[in-house]
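Beneath this line is the structure, given in structure tokens, with notes to follow.
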Amino acid sequence: MGPSLVPPTVISLVAALSLFLLLLSPAAAWRPWPHLAKSNVSDDPLVGDSKKYEGSSEFVHLKYHMGPVLTANITVHIIWYGTWQRNQKKIIREFINSISAHDSKSPSVSGWWRTVQLYTDQTGANISRTVRLGEEKNDRFYSHGKSLTRLSIQSVIKSAVTAKSRPLPINAKNGLYLLLTSDDVYVENFCGQVCGFHYFTFPSIVGYTLPYAWVGNSEKLCPGVCAYPFAVPSYIPGLKAMKSPNGDVGVDGMISVIAHEVAELASNPLVNAWYAGGDPIAPVEIADLCEGIYGTGGGGSYTGQLMDGRDGATYNMNGIRRRYLVQWVWNHVVNYCTGPNALDQ
């Protein structure tokens, strides 16, 4: 499906908002507005001869700051906070399992992860190709309420790893802790500034230093912000929402944010590895650089070239059994954004 135009006044607003957000808290997935960028890449994350690459810029200086990346097999432990439907959980579980499903139909989620794998630590070891679903914990009774701060999120994680019944395992070396909040939970700065973020837990709160991410279901609170392009903001008249590939606007919108955060957790788990800019308090990471780019030609107000299913749903890559829309990530080898659904030159 082709991209839609956004009025110049909106683009000006987006540019100003993007600059403001980059001055705020680190390691967050800003949405939904695609940042200004250019076009065209190859299917292979290391190959391309076009002079117009998505997000390419001589001003982007992504650097390695000598911190660890996740080179051992990665295990994602999920905390389901609030009320979740069975099918919603299935959509997210299957996405995580698809990251290492190398026999999925092309273009695939595992093909997307190959760009993330290009990042290495100081020994030259690459990020692991294996990402698997670990243990899960349900917090269906909203143990810390329906309005969470960034610090109370860490308290939710503490409750999950110290629970008397079936606590989540402590895995500081290669475990990622993914806190997902249901559509009736508000998190500090949700919708107005972020749709998700990642950081690491403080030993003073949790007892351990654990890389974690939070992503919220925006369906009731701000789908036009965090589930774009499956919902559109009310102040952009005439822009039609795309049909989500799994029939759940909120969860389908979460998938790209989850992908964004997992990619950055793998490449910058303690916020001292791969990022651009000189300030570790406000790093610009490998997914931040490609926010809003989902296909060839993506950038500015454009998602890029996507695919339409027979049912009219929009997506750009395949999982094990499902289809997903996932943003591209920055390829530091060739210095532009890449994705498995790139059109041949």
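In the structure tokens, chains take the letters A, B, ... in the order shown, each chain's residues start at 1, and ligands count up from 1 in the order shown.
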Which residues of region 161-230 of chain A sit at most 12 Å from region 292-315 of chain A, using only C-alpha atoms? Give each one's shortest atom pair and distance in Å (one decimal place), in chain and ascending residue order, as CSV.
```
residue,atom,partner,partner_atom,distance
A:Val225,CA,A:Gly292,CA,11.7
A:Cys226,CA,A:Gly292,CA,11.2
A:Ala227,CA,A:Gly292,CA,11.5
A:Tyr228,CA,A:Gly292,CA,9.2
A:Pro229,CA,A:Thr303,CA,8.3
A:Phe230,CA,A:Thr314,CA,8.7
```
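Shell of Val187 (chain A) at 6 Å, with only C-alpha atoms counted and residues fewer than 6 places along the chain excluded, is A:Ser147, A:Leu148, A:Thr149.
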Output N, CA, C and O atoms of each residue in that selection to a file, as a PDB file, in the first residue's frame.
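Output (again_10.pdb):
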```
ATOM      1  N   SER A 147      -2.377   3.343  37.473  1.00  0.00           N
ATOM      2  CA  SER A 147      -1.569   4.478  37.034  1.00  0.00           C
ATOM      3  C   SER A 147      -0.161   4.268  37.580  1.00  0.00           C
ATOM      4  O   SER A 147       0.061   4.306  38.791  1.00  0.00           O
ATOM      5  N   LEU A 148       0.781   4.017  36.668  1.00  0.00           N
ATOM      6  CA  LEU A 148       2.132   3.646  37.062  1.00  0.00           C
ATOM      7  C   LEU A 148       3.129   4.750  36.717  1.00  0.00           C
ATOM      8  O   LEU A 148       3.012   5.401  35.676  1.00  0.00           O
ATOM      9  N   THR A 149       4.122   4.933  37.587  1.00  0.00           N
ATOM     10  CA  THR A 149       5.250   5.800  37.277  1.00  0.00           C
ATOM     11  C   THR A 149       6.395   4.933  36.791  1.00  0.00           C
ATOM     12  O   THR A 149       6.341   3.706  36.840  1.00  0.00           O
TER      13      THR A 149
END
```
Legend entry - Filtered DSSP result for region 59-281 of chain A, state helix (DSSP H, G or I), as number ranges by chain: A: 86-98, 109-116, 150-161, 223-226, 249-267
Inset, instruction - Can you work out which one of A:Glu135, A:Glu291, A:Asp183, A:Glu261 has the shortest atom-to-atom distance to Cys222 (chain A), counting only C-alpha atoms? - result: A:Asp183
Inset, instruction - Fewer than 5 positions away in the same chain doesn't count, so skip those; otherwise give me all residues within 12 Å of Ser204 (chain A), counting only C-alpha atoms, as an MDAnalysis selection string. - result: chainID A and resid 151 154:155 158 209
Inset, instruction - Please identify which residues in region 35-165 of chain A DSSP calls strand (DSSP E) from the backbone, and express them as a list in words. - result: Leu62, Lys63, Tyr64, Ile74, Thr75, Val76, His77, Ile78, Ile79, Trp80, Tyr81, Val131, Arg132, Leu133, Gly134, Glu135, Glu136, Lys137, Asn138, Asp139, Ser147 and Leu148 of chain A
Using N, CA and C atoms, can you export the residues from the last selection as an mmCIF file, in the first residue's frame?
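Generated output (selection_9.cif):
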```cif
data_model
loop_
_atom_site.group_PDB
_atom_site.id
_atom_site.type_symbol
_atom_site.label_atom_id
_atom_site.label_comp_id
_atom_site.auth_asym_id
_atom_site.auth_seq_id
_atom_site.Cartn_x
_atom_site.Cartn_y
_atom_site.Cartn_z
ATOM 1 N N LEU A 62 26.521 6.785 14.755
ATOM 2 C CA LEU A 62 26.265 5.761 15.761
ATOM 3 C C LEU A 62 27.602 5.181 16.207
ATOM 4 N N LYS A 63 27.828 5.146 17.502
ATOM 5 C CA LYS A 63 29.112 4.684 18.014
ATOM 6 C C LYS A 63 28.926 3.597 19.062
ATOM 7 N N TYR A 64 29.975 2.803 19.220
ATOM 8 C CA TYR A 64 30.002 1.784 20.268
ATOM 9 C C TYR A 64 30.761 2.354 21.461
ATOM 10 N N ILE A 74 19.054 -15.149 23.993
ATOM 11 C CA ILE A 74 18.213 -14.176 24.699
ATOM 12 C C ILE A 74 16.886 -14.807 25.101
ATOM 13 N N THR A 75 16.503 -14.604 26.356
ATOM 14 C CA THR A 75 15.225 -15.096 26.862
ATOM 15 C C THR A 75 14.366 -13.919 27.288
ATOM 16 N N VAL A 76 13.150 -13.842 26.756
ATOM 17 C CA VAL A 76 12.231 -12.745 27.064
ATOM 18 C C VAL A 76 11.186 -13.234 28.056
ATOM 19 N N HIS A 77 11.208 -12.652 29.242
ATOM 20 C CA HIS A 77 10.225 -12.967 30.279
ATOM 21 C C HIS A 77 9.152 -11.880 30.276
ATOM 22 N N ILE A 78 7.892 -12.284 30.171
ATOM 23 C CA ILE A 78 6.794 -11.318 30.050
ATOM 24 C C ILE A 78 6.024 -11.196 31.357
ATOM 25 N N ILE A 79 5.709 -9.953 31.716
ATOM 26 C CA ILE A 79 4.776 -9.669 32.807
ATOM 27 C C ILE A 79 3.530 -9.067 32.173
ATOM 28 N N TRP A 80 2.420 -9.773 32.295
ATOM 29 C CA TRP A 80 1.140 -9.305 31.758
ATOM 30 C C TRP A 80 0.432 -8.530 32.865
ATOM 31 N N TYR A 81 0.458 -7.214 32.778
ATOM 32 C CA TYR A 81 -0.111 -6.388 33.833
ATOM 33 C C TYR A 81 -1.508 -5.929 33.432
ATOM 34 N N VAL A 131 16.372 -15.815 20.062
ATOM 35 C CA VAL A 131 15.513 -15.107 21.004
ATOM 36 C C VAL A 131 14.331 -16.029 21.295
ATOM 37 N N ARG A 132 14.158 -16.362 22.535
ATOM 38 C CA ARG A 132 13.077 -17.291 22.869
ATOM 39 C C ARG A 132 12.198 -16.724 23.976
ATOM 40 N N LEU A 133 10.986 -17.215 24.014
ATOM 41 C CA LEU A 133 10.039 -16.818 25.045
ATOM 42 C C LEU A 133 10.340 -17.582 26.326
ATOM 43 N N GLY A 134 10.477 -16.853 27.415
ATOM 44 C CA GLY A 134 10.785 -17.470 28.694
ATOM 45 C C GLY A 134 9.551 -17.658 29.558
ATOM 46 N N GLU A 135 9.712 -17.428 30.854
ATOM 47 C CA GLU A 135 8.600 -17.562 31.791
ATOM 48 C C GLU A 135 7.694 -16.334 31.705
ATOM 49 N N GLU A 136 6.461 -16.501 32.154
ATOM 50 C CA GLU A 136 5.490 -15.407 32.142
ATOM 51 C C GLU A 136 4.844 -15.267 33.519
ATOM 52 N N LYS A 137 4.445 -14.039 33.810
ATOM 53 C CA LYS A 137 3.786 -13.767 35.083
ATOM 54 C C LYS A 137 2.562 -12.897 34.838
ATOM 55 N N ASN A 138 1.432 -13.296 35.389
ATOM 56 C CA ASN A 138 0.204 -12.521 35.260
ATOM 57 C C ASN A 138 -0.006 -11.658 36.505
ATOM 58 N N ASP A 139 -0.292 -10.385 36.280
ATOM 59 C CA ASP A 139 -0.620 -9.464 37.373
ATOM 60 C C ASP A 139 -2.003 -8.891 37.070
ATOM 61 N N SER A 147 -2.377 3.343 37.473
ATOM 62 C CA SER A 147 -1.569 4.478 37.034
ATOM 63 C C SER A 147 -0.161 4.268 37.580
ATOM 64 N N LEU A 148 0.781 4.017 36.668
ATOM 65 C CA LEU A 148 2.132 3.646 37.062
ATOM 66 C C LEU A 148 3.129 4.750 36.717
#
```
Inset, instruction - Go through A:Leu210, A:Val116, A:Gly253, A:Asn268 one by one, measure the shortest atom-to-atom distance of each to Pro280 (chain A) using only C-alpha atoms, and give the residue with the smallest value. - result: A:Asn268
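With only C-alpha atoms as the atoms that count, the minimum distance from Ala287 (chain A) to the choices A:Met66, A:Val161, A:Val329, A:Ala259 is reached by A:Val329.
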Legend entry - Residue contacts of Val60 (chain A) (10 Å, only C-alpha atoms) excluding same-chain residues fewer than 6 positions away, as a count of residues only: 7
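CA of Met317 (chain A) lies 29.1 Å from CA of Val185 (chain A).
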